[in-house]
Each structure stands twice: as C-alpha cells, then as structure tokens.
$ cat data-v1.cif   # mmCIF, C-alpha atoms and all ligand atoms
data_coords
loop_
_atom_site.group_PDB
_atom_site.id
_atom_site.type_symbol
_atom_site.label_atom_id
_atom_site.label_comp_id
_atom_site.auth_asym_id
_atom_site.auth_seq_id
_atom_site.Cartn_x
_atom_site.Cartn_y
_atom_site.Cartn_z
ATOM 1 C CA MET A 98 0.000 0.000 0.000
ATOM 2 C CA PRO A 99 1.429 3.397 -0.852
ATOM 3 C CA VAL A 100 2.004 4.900 2.573
ATOM 4 C CA LEU A 101 3.149 8.526 2.451
ATOM 5 C CA PHE A 102 3.987 8.933 6.115
ATOM 6 C CA GLU A 103 4.197 6.842 9.281
ATOM 7 C CA ASP A 104 5.011 7.691 12.878
ATOM 8 C CA GLY A 105 4.642 5.723 16.085
ATOM 9 C CA PHE A 106 6.584 8.373 18.080
ATOM 10 C CA GLU A 107 9.405 5.887 18.764
ATOM 11 C CA SER A 108 11.872 8.757 18.255
ATOM 12 C CA GLY A 109 10.587 9.988 21.622
ATOM 13 C CA ASP A 110 9.391 13.255 20.079
ATOM 14 C CA VAL A 111 7.082 14.675 17.400
ATOM 15 C CA SER A 112 9.915 15.697 15.035
ATOM 16 C CA LYS A 113 8.513 13.734 12.069
ATOM 17 C CA TRP A 114 5.477 16.055 12.025
ATOM 18 C CA ASP A 115 5.463 19.537 10.483
ATOM 19 C CA GLU A 116 4.166 21.255 13.584
ATOM 20 C CA THR A 117 1.940 20.960 16.592
ATOM 21 C CA VAL A 118 -1.144 23.066 17.241
ATOM 22 C CA ILE A 119 -1.740 23.417 20.957
ATOM 23 C CA THR A 120 -4.142 26.104 22.153
ATOM 24 C CA SER A 121 -4.282 27.701 25.584
ATOM 25 C CA GLY A 122 -5.493 25.217 28.193
ATOM 26 C CA GLU A 123 -4.491 22.204 26.103
ATOM 27 C CA ASN A 124 -1.393 20.045 26.334
ATOM 28 C CA LEU A 125 0.409 17.539 24.115
ATOM 29 C CA GLN A 126 3.316 15.449 25.305
ATOM 30 C CA VAL A 127 5.154 12.276 24.382
ATOM 31 C CA VAL A 128 4.518 9.632 27.024
ATOM 32 C CA SER A 129 5.767 6.141 27.781
ATOM 33 C CA PRO A 130 4.801 3.371 27.318
ATOM 34 C CA GLY A 131 3.021 3.762 23.992
ATOM 35 C CA ILE A 132 -0.025 1.910 22.744
ATOM 36 C CA HIS A 133 2.596 0.127 20.643
ATOM 37 C CA GLY A 134 6.276 0.322 21.540
ATOM 38 C CA ASN A 135 7.874 2.762 23.942
ATOM 39 C CA TYR A 136 6.135 6.031 23.090
ATOM 40 C CA ALA A 137 2.810 7.633 22.162
ATOM 41 C CA ILE A 138 1.382 11.152 22.438
ATOM 42 C CA LEU A 139 -0.977 12.178 25.215
ATOM 43 C CA CYS A 140 -3.367 15.000 24.278
ATOM 44 C CA THR A 141 -5.259 16.639 27.122
ATOM 45 C CA SER A 142 -7.474 19.609 27.898
ATOM 46 C CA GLU A 143 -8.301 21.017 31.294
ATOM 47 C CA ASP A 144 -10.357 23.943 30.061
ATOM 48 C CA ALA A 145 -11.873 22.980 26.733
ATOM 49 C CA GLY A 146 -13.952 25.169 24.472
ATOM 50 C CA PRO A 147 -14.776 25.593 20.800
ATOM 51 C CA ASP A 148 -11.994 25.461 18.188
ATOM 52 C CA GLU A 149 -9.236 24.297 20.495
ATOM 53 C CA TYR A 150 -6.492 21.827 19.685
ATOM 54 C CA ALA A 151 -3.863 19.495 21.052
ATOM 55 C CA THR A 152 -2.771 18.018 17.734
ATOM 56 C CA VAL A 153 0.187 17.063 15.619
ATOM 57 C CA VAL A 154 0.023 18.356 12.040
ATOM 58 C CA LYS A 155 1.320 16.772 8.829
ATOM 59 C CA ARG A 156 1.197 18.490 5.455
ATOM 60 C CA VAL A 157 0.854 16.460 2.254
ATOM 61 C CA GLU A 158 0.696 17.197 -1.462
ATOM 62 C CA PRO A 159 -2.858 18.431 -2.229
ATOM 63 C CA SER A 160 -4.812 15.167 -2.475
ATOM 64 C CA ALA A 161 -8.274 14.398 -3.835
ATOM 65 C CA THR A 162 -7.906 10.930 -2.290
ATOM 66 C CA LEU A 163 -6.336 10.427 1.123
ATOM 67 C CA PHE A 164 -6.348 7.927 3.996
ATOM 68 C CA ALA A 165 -5.123 8.374 7.567
ATOM 69 C CA ARG A 166 -5.025 5.823 10.345
ATOM 70 C CA GLY A 167 -4.222 6.147 14.047
ATOM 71 C CA TYR A 168 -4.595 4.137 17.235
ATOM 72 C CA PHE A 169 -6.468 5.925 20.008
ATOM 73 C CA THR A 170 -7.342 5.378 23.637
ATOM 74 C CA ILE A 171 -9.846 7.701 25.304
ATOM 75 C CA ASN A 172 -8.620 8.231 28.867
ATOM 76 C CA GLY A 173 -11.298 10.584 30.176
ATOM 77 C CA GLY A 174 -13.482 13.640 29.674
ATOM 78 C CA LEU A 175 -16.630 11.827 28.583
ATOM 79 C CA PRO A 176 -19.551 12.214 28.585
ATOM 80 C CA LEU A 177 -19.486 15.387 26.511
ATOM 81 C CA PRO A 178 -21.638 18.093 28.106
ATOM 82 C CA ARG A 179 -23.910 19.213 25.297
ATOM 83 C CA GLU A 180 -25.650 17.934 22.160
ATOM 84 C CA GLY A 181 -23.451 18.698 19.127
ATOM 85 C CA ASP A 182 -20.212 18.803 21.147
ATOM 86 C CA ARG A 183 -17.385 16.734 19.716
ATOM 87 C CA ILE A 184 -13.720 15.901 19.885
ATOM 88 C CA ASN A 185 -12.118 15.259 16.503
ATOM 89 C CA LEU A 186 -9.476 12.529 16.466
ATOM 90 C CA ILE A 187 -8.385 12.706 12.808
ATOM 91 C CA ILE A 188 -8.940 15.906 10.821
ATOM 92 C CA PHE A 189 -8.616 16.298 7.042
ATOM 93 C CA TRP A 190 -8.514 20.082 6.888
ATOM 94 C CA TYR A 191 -11.044 21.295 5.516
ATOM 95 C CA GLY A 192 -12.824 18.219 4.269
ATOM 96 C CA SER A 193 -13.698 15.593 6.836
ATOM 97 C CA ASN A 194 -13.169 14.445 10.441
ATOM 98 C CA ILE A 195 -13.582 11.345 12.551
ATOM 99 C CA ALA A 196 -14.895 12.444 15.910
ATOM 100 C CA ILE A 197 -16.545 11.394 19.107
ATOM 101 C CA GLY A 198 -19.650 13.562 19.181
ATOM 102 C CA LYS A 199 -22.749 13.853 21.305
ATOM 103 C CA ALA A 200 -25.796 13.029 19.172
ATOM 104 C CA ASN A 201 -29.246 12.000 20.385
ATOM 105 C CA GLY A 202 -27.923 12.399 23.916
ATOM 106 C CA VAL A 203 -25.182 9.791 23.480
ATOM 107 C CA ASP A 204 -21.431 10.075 22.885
ATOM 108 C CA GLN A 205 -20.615 8.119 19.741
ATOM 109 C CA PHE A 206 -18.047 7.871 16.994
ATOM 110 C CA GLN A 207 -19.017 10.052 14.045
ATOM 111 C CA LEU A 208 -17.914 10.675 10.500
ATOM 112 C CA ARG A 209 -18.229 14.359 9.600
ATOM 113 C CA VAL A 210 -17.937 15.955 6.149
ATOM 114 C CA TRP A 211 -17.925 19.711 5.567
ATOM 115 C CA ASP A 212 -20.583 20.898 3.106
ATOM 116 C CA LYS A 213 -18.916 23.947 1.513
ATOM 117 C CA ILE A 214 -22.009 24.935 -0.438
ATOM 118 C CA ASN A 215 -24.335 25.125 2.557
ATOM 119 C CA SER A 216 -21.694 25.820 5.266
ATOM 120 C CA ARG A 217 -22.708 22.934 7.501
ATOM 121 C CA TRP A 218 -21.439 19.591 8.706
ATOM 122 C CA ILE A 219 -22.925 16.440 7.239
ATOM 123 C CA ILE A 220 -22.799 13.891 10.053
ATOM 124 C CA ALA A 221 -22.998 10.089 9.990
ATOM 125 C CA ASN A 222 -23.453 8.654 13.485
ATOM 126 C CA THR A 223 -22.059 5.162 14.040
ATOM 127 C CA GLY A 224 -24.016 4.288 17.186
ATOM 128 C CA ILE A 225 -20.703 3.050 18.625
ATOM 129 C CA THR A 226 -20.141 4.430 22.128
ATOM 130 C CA PRO A 227 -16.449 4.750 22.982
ATOM 131 C CA GLU A 228 -15.258 2.795 25.998
ATOM 132 C CA ILE A 229 -12.756 4.522 28.256
ATOM 133 C CA GLY A 230 -9.389 2.761 28.147
ATOM 134 C CA ARG A 231 -10.069 0.588 25.091
ATOM 135 C CA VAL A 232 -7.690 0.824 22.123
ATOM 136 C CA TYR A 233 -9.363 1.734 18.828
ATOM 137 C CA CYS A 234 -7.778 1.585 15.381
ATOM 138 C CA ILE A 235 -9.402 4.475 13.510
ATOM 139 C CA GLU A 236 -9.087 5.297 9.830
ATOM 140 C CA LEU A 237 -10.504 8.109 7.701
ATOM 141 C CA GLU A 238 -10.890 7.847 3.916
ATOM 142 C CA TRP A 239 -11.438 10.955 1.760
ATOM 143 C CA HIS A 240 -12.415 11.334 -1.878
ATOM 144 C CA ALA A 241 -13.228 14.893 -2.982
ATOM 145 C CA ASN A 242 -16.831 15.130 -4.216
ATOM 146 C CA ASN A 243 -17.216 11.384 -3.762
ATOM 147 C CA VAL A 244 -17.549 8.879 -0.928
ATOM 148 C CA THR A 245 -15.904 9.385 2.464
ATOM 149 C CA ARG A 246 -15.645 6.519 4.930
ATOM 150 C CA ALA A 247 -14.748 5.822 8.552
ATOM 151 C CA TYR A 248 -13.266 2.555 9.816
ATOM 152 C CA ILE A 249 -12.881 1.239 13.343
ATOM 153 C CA ASP A 250 -10.643 -1.803 13.878
ATOM 154 C CA GLY A 251 -10.675 -2.506 10.155
ATOM 155 C CA GLU A 252 -14.477 -2.455 9.799
ATOM 156 C CA LYS A 253 -16.290 0.265 7.860
ATOM 157 C CA VAL A 254 -18.590 1.975 10.362
ATOM 158 C CA ALA A 255 -19.822 5.037 8.449
ATOM 159 C CA GLU A 256 -20.010 6.428 4.935
ATOM 160 C CA ILE A 257 -21.061 9.793 3.492
ATOM 161 C CA ASP A 258 -21.639 10.181 -0.244
ATOM 162 C CA ILE A 259 -20.988 13.704 -1.537
ATOM 163 C CA SER A 260 -20.826 12.743 -5.199
ATOM 164 C CA GLY A 261 -23.472 15.463 -5.634
ATOM 165 C CA GLY A 262 -20.543 17.854 -5.197
ATOM 166 C CA VAL A 263 -20.519 19.841 -1.952
ATOM 167 C CA ASN A 264 -16.816 19.567 -1.170
ATOM 168 C CA ASP A 265 -14.034 19.427 -3.758
ATOM 169 C CA THR A 266 -11.234 20.116 -1.249
ATOM 170 C CA LEU A 267 -7.810 18.727 -2.005
ATOM 171 C CA ILE A 268 -6.528 17.765 1.432
ATOM 172 C CA GLU A 269 -3.198 19.419 2.284
ATOM 173 C CA GLU A 270 -3.181 19.167 6.058
ATOM 174 C CA VAL A 271 -3.837 16.259 8.417
ATOM 175 C CA ARG A 272 -4.266 16.835 12.139
ATOM 176 C CA VAL A 273 -4.214 13.983 14.649
ATOM 177 C CA GLY A 274 -4.934 14.114 18.368
ATOM 178 C CA LEU A 275 -7.590 16.198 20.040
ATOM 179 C CA GLY A 276 -9.532 18.789 18.024
ATOM 180 C CA ILE A 277 -12.138 20.185 20.365
ATOM 181 C CA THR A 278 -15.517 21.816 19.944
ATOM 182 C CA VAL A 279 -17.301 21.529 23.285
ATOM 183 C CA GLU A 280 -19.057 23.744 25.791
ATOM 184 C CA SER A 281 -16.541 26.166 27.296
ATOM 185 C CA GLY A 282 -14.858 25.071 30.493
ATOM 186 C CA HIS A 283 -15.384 21.335 30.042
ATOM 187 C CA PRO A 284 -12.566 19.575 31.945
ATOM 188 C CA GLY A 285 -10.649 16.330 31.717
ATOM 189 C CA LEU A 286 -10.521 15.489 28.005
ATOM 190 C CA SER A 287 -7.661 13.054 27.485
ATOM 191 C CA VAL A 288 -6.695 10.977 24.454
ATOM 192 C CA THR A 289 -3.610 8.845 23.815
ATOM 193 C CA CYS A 290 -2.593 8.413 20.176
ATOM 194 C CA ASP A 291 -0.021 6.174 18.507
ATOM 195 C CA THR A 292 0.942 4.361 15.305
ATOM 196 C CA CYS A 293 -0.224 6.950 12.777
ATOM 197 C CA ALA A 294 -0.049 6.508 9.020
ATOM 198 C CA ILE A 295 -1.112 8.576 6.010
ATOM 199 C CA GLY A 296 -1.508 7.028 2.570
ATOM 200 C CA THR A 297 -3.153 7.051 -0.817
ATOM 201 C CA GLU A 298 -4.852 3.659 -0.277
ATOM 202 C CA TYR A 299 -6.556 1.869 2.582
ATOM 203 C CA ILE A 300 -4.019 1.279 5.362
ATOM 204 C CA GLY A 301 -5.859 -0.842 7.937
ATOM 205 C CA PRO A 302 -4.739 -2.098 11.342
ATOM 206 C CA ILE A 303 -1.153 -3.172 11.905
ATOM 207 C CA ILE A 304 -0.403 -6.874 11.727
ATOM 208 C CA THR A 305 1.108 -7.815 15.077
ATOM 209 C CA PRO A 306 2.971 -11.109 15.373
ATOM 210 C CA LEU A 307 1.373 -13.520 17.814
ATOM 211 C CA THR A 308 3.775 -15.112 20.259
ATOM 212 C CA GLY A 309 4.183 -18.802 21.058
ATOM 213 C CA PRO A 310 3.528 -21.855 18.834
ATOM 214 C CA LEU A 311 0.437 -20.280 17.247
ATOM 215 C CA GLY A 312 2.491 -17.282 16.176
ATOM 216 C CA ILE A 313 5.224 -19.251 14.450
ATOM 217 C CA TRP A 314 2.941 -20.305 11.623
ATOM 218 C CA THR A 315 0.331 -17.521 11.734
ATOM 219 C CA PHE A 316 2.665 -14.557 11.311
ATOM 220 C CA PRO A 317 4.078 -15.505 7.870
ATOM 221 C CA LEU A 318 0.553 -16.494 6.809
ATOM 222 C CA LEU A 319 -0.929 -13.190 7.976
ATOM 223 C CA THR A 320 1.869 -11.191 6.389
ATOM 224 C CA TRP A 321 1.303 -12.955 3.087
ATOM 225 C CA ILE A 322 -2.488 -12.595 3.213
ATOM 226 C CA SER A 323 -2.293 -8.944 4.278
ATOM 227 C CA THR A 324 -0.411 -7.991 1.144
ATOM 228 C CA ILE A 325 -3.276 -9.291 -0.983
ATOM 229 C CA PHE A 326 -6.394 -9.039 1.185
ATOM 230 C CA PRO A 327 -5.927 -6.494 4.020
ATOM 231 C CA ASN A 328 -9.493 -6.839 5.321
ATOM 232 C CA VAL A 329 -9.322 -10.638 5.350
ATOM 233 C CA ALA A 330 -6.032 -10.536 7.247
ATOM 234 C CA THR A 331 -7.535 -8.210 9.850
ATOM 235 C CA ARG A 332 -10.459 -10.517 10.460
ATOM 236 C CA LEU A 333 -8.287 -13.613 10.481
ATOM 237 C CA GLN A 334 -5.979 -11.992 12.997
ATOM 238 C CA THR A 335 -8.938 -11.167 15.240
ATOM 239 C CA VAL A 336 -10.161 -14.773 15.030
ATOM 240 C CA LEU A 337 -6.680 -16.137 15.784
ATOM 241 C CA SER A 338 -6.230 -13.730 18.689
ATOM 242 C CA ASN A 339 -9.541 -14.893 20.129
ATOM 243 C CA ILE A 340 -8.536 -18.550 19.719
ATOM 244 C CA LYS A 341 -5.225 -17.836 21.363
ATOM 245 C CA GLU A 342 -6.921 -15.959 24.183
ATOM 246 C CA ARG A 343 -9.237 -18.892 24.789
ATOM 247 C CA PHE A 344 -6.950 -21.871 24.302
ATOM 248 C CA GLY A 345 -3.413 -20.733 23.635
ATOM 249 C CA ARG A 346 -2.121 -19.058 26.788
ATOM 250 C CA THR A 347 1.371 -19.650 25.486
HETATM 251 CA CA CA B 1 4.549 4.052 19.616
#

$ encode --input "data-v1.cif" --output "structure tokens"
Amino acid sequence: MPVLFEDGFESGDVSKWDETVITSGENLQVVSPGIHGNYAILCTSEDAGPDEYATVVKRVEPSATLFARGYFTINGGLPLPREGDRINLIIFWYGSNIAIGKANGVDQFQLRVWDKINSRWIIANTGITPEIGRVYCIELEWHANNVTRAYIDGEKVAEIDISGGVNDTLIEEVRVGLGITVESGHPGLSVTCDTCAIGTEYIGPIITPLTGPLGIWTFPLLTWISTIFPNVATRLQTVLSNIKERFGRT
C-alpha cells in the first residue's frame, strides 16, 4: 500500500510532524509506554472550548484521495456536556473528520464531512459508544466530491456520499490528536494516540505477530495474506487472537 507517512513516536518526540497546534489550556506530550512500543502522544485539555487543539500536524501534497489511520485510547473527559459537542481525532482540513460527538444524547463515533455549499457539517453517526481505556484503530478515507468513509478496527462503520458535489477540497493538512468543539470550560478530556499513518490507499490495522507456537505459523501467513487481502487478514488476525486468548495461553 502506498504509505506517504508513518510515525509511532518511537523517536521519543514529534519531530517527524510539520508542527503541533496546541491552544491555551491544552497540552500535548510524548509519554511512555506507547499503545505500541515505547512512546505515544498524550493530548489533554483542562479547560476545553470551541476550536481548540492538542494536535500534531502533517502536510501532504494536495490530495483528492487520502487515507489516515491512528490508534487511540480515550482516557477521560466523557460524557461530553452538550448535544453537538465533539472531539475530533483525525482531521482532514477542511474536508472531513472522525470524531466522538454527542448526538441523540449519546457520545458516539461520528464521520463528519464539511458541506462547503451550505456551510454545515454532514454527520454520519455510528451508534458506537467509545469505551474509556479501550484501544481503537481508527481510519478516515477521503475522496473529494465522492464517498468518504470511517473505519474502526478494520471495519467500515460510516459512509457519506458527496458525489453530488458539496466539497471538492484537495486535502493538504492532516491533524491527529484532540480537536475540540465543546461547551466552554469542560474539563478532563484526554486521548492517547499512537501508530499513525497517512496514505493514498486503505491502510488498515497493523499486523502484530502472535507469540508462542500459534504465532510461528500464523505470522508468515498473515503477512502474506495482508499484502493481498488487508481486510481478510484483519479478520483472520482477530479470530486467531480470540482462539489464542481462549486456548493458547502460550
Ligand atoms: Ca509508539
């Protein structure tokens, strides 16, 4: 898969990114251990409000098609106080976001696409309520004036079709971390982020080698399958992990 950029913060800093955007009251730091490896970034807010950020920023060649994937753990700050509040985890400036937003009274993962013609967000709710402390693999897929999709753990969870033509943005800037639009003064928002990638095709979850006897034969198999069928490999890995969890204990 043509990956343009990858960073799991194993350098111990954010030097692979073009800049950070951290507004007053927000904080972004490299912490250890990571979700994978030794390091990740921790993005927090003690005094959140609208249009505030604790994000790393990567610029890319203007792209009508773009994918970005990151691993996220929500540490705290939920529930969001008010209907319509959200924290954006991956931002394709100024095209689309994957967020946790409050809709119908419930915090849930959302796909959001900016409608340039009518100056409004088009929102697809997933109905998936984030669990504090769980690791989520999140991926955003953008096609200008076409279909935009959100994936969680390798499964498509939302899709917005703008082939009618309300946003032709070529994405030049990707922000990852905590992009905040919530009621002013909301405390305790905290997100850990790791293992980011930006590409021109679907990226998907990382393939982690299983340990023990099961791993010896599954890892080469998964690596081979993943090069041809990324979605199949993801599902197979989940099945194998479950088997290992139940019976393996190696
Ligand atoms: Ca890492």

$ resolve_selection --input "data-v1.cif" --expression "the PyMOL selection byres (((chain A and resi 206) around 8) and not hetatm)" --output "list in words"
Ile195, Ala196, Ile197, Gly198, Asp204, Gln205, Gln207, Leu208, Asn222, Thr223, Gly224, Ile225, Thr226 and Pro227 of chain A

$ residues_near_ligand --input "data-v1.cif" --ligand "ligand CA 1 (chain B)" --cutoff "7 Å" --atoms "only C-alpha atoms and all ligand atoms" --output "list in words"
Gly105, Phe106, Glu107, Gly131, Ile132, His133, Gly134, Asn135, Tyr136, Ala137, Asp291 and Thr292 of chain A

$ residues_around --input "data-v1.cif" --residues "A:Ala241" --least-positions-apart "2" --cutoff "10 Å" --atoms "only C-alpha atoms" --output "list of chain:residue names"
A:Ser160, A:Ala161, A:Thr162, A:Leu163, A:Gly192, A:Ser193, A:Trp239, A:Asn243, A:Val244, A:Thr245, A:Ile259, A:Ser260, A:Gly262, A:Val263, A:Asn264, A:Asp265, A:Thr266, A:Leu267, A:Ile268

$ closest_residue --input "data-v1.cif" --among "A:His283, A:Ile295, A:Asn185, A:Asn194" --to "A:Phe102" --atoms "all atoms listed in the file"
A:Ile295

$ closest_residue --input "data-v1.cif" --among "A:Val273, A:Cys290, A:Ile257, A:Ile188" --to "A:Val232" --atoms "only C-alpha atoms"
A:Cys290

$ resolve_selection --input "data-v1.cif" --expression "the PyMOL selection byres (((chain A and resi 157) around 6) and not hetatm)" --output "list of chain:residue names"
A:Arg156, A:Glu158, A:Glu269

$ closest_residue --input "data-v1.cif" --among "A:Lys113, A:Arg183, A:Arg217, A:Arg166" --to "A:Val154" --atoms "only C-alpha atoms"
A:Lys113

$ residues_near_point --input "data-v1.cif" --point "(-14.4, 24.1, 28.8)" --cutoff "8 Å" --atoms "only C-alpha atoms" --output "PyMOL selection string"
chain A and resi 143-146+279-284

$ resolve_selection --input "data-v1.cif" --expression "the PyMOL selection byres (((chain A and resi 299-302) around 6) and not hetatm)" --output "list in words"
Gly251, Glu298 and Ile303 of chain A
